[in-house]
Amino acid sequence: MTLASYQLFFFDMTSILIFVNGVVIGSFSVFYCYIAFFNKIETKTDYVLKNMNTLIGSITGLISIITLINIIKYYWQ
């Protein structure tokens with residue numbers, strides 16, 4: 001059984017055009033909101049993008065220091 005067999009869908013030209021128009025308007029609205037949202041946060045992420053190497057280097061350095069401390073504790077206890 002399908003939804004069409006329960007007569008919940010109508011396959012006349014008017015229903016198809018309304019469905020297609022709804023899909024087009026909905027897709028346009030979602031993509032427009034997506035673009036507007038990422039244009040707003042683009043200026044906020046500018047600082048992070050400029051300093052990405054420093055950020056990654058700091059995290060890597062911190063992890064290497066913690067690993068070195070763990071190695072020293074393991075071998076000298």
# chains A, B, ... in the order shown; residues from 1 in each chain; ligands from 1

call {"tool": "select_by_dssp", "arguments": {"residues": "chain A", "states": "helix (DSSP H, G or I)", "output": "ChimeraX atom specification"}}
result
/A:13-44,46-50,52-75

call {"tool": "closest_atom_pairs", "arguments": {"of": "stretch 20-66 of chain A", "to": "stretch 6-15 of chain A", "cutoff": "12 Å", "atoms": "only C-alpha atoms", "output": "Markdown table"}}
result
| residue | atom | partner | partner_atom | distance |
| --- | --- | --- | --- | --- |
| A:Val20 | CA | A:Ser15 | CA | 8.6 |
| A:Asn21 | CA | A:Ser15 | CA | 9.9 |
| A:Gly22 | CA | A:Ser15 | CA | 10.5 |

call {"tool": "write_last_selection", "arguments": {"atoms": "C-alpha atoms", "output": "compact mmCIF listing (two decimals), in the first residue's frame"}}
result
# COMPACT_ATOMS: atom_id res chain seq x y z
CA VAL A 20 7.45 22.11 -7.56
CA ASN A 21 7.00 25.78 -6.65
CA GLY A 22 7.15 24.89 -2.95

call {"tool": "atom_distance", "arguments": {"atom1": "atom CA of A:Asp46", "atom2": "atom CA of A:Ile63"}}
result
25.4 Å
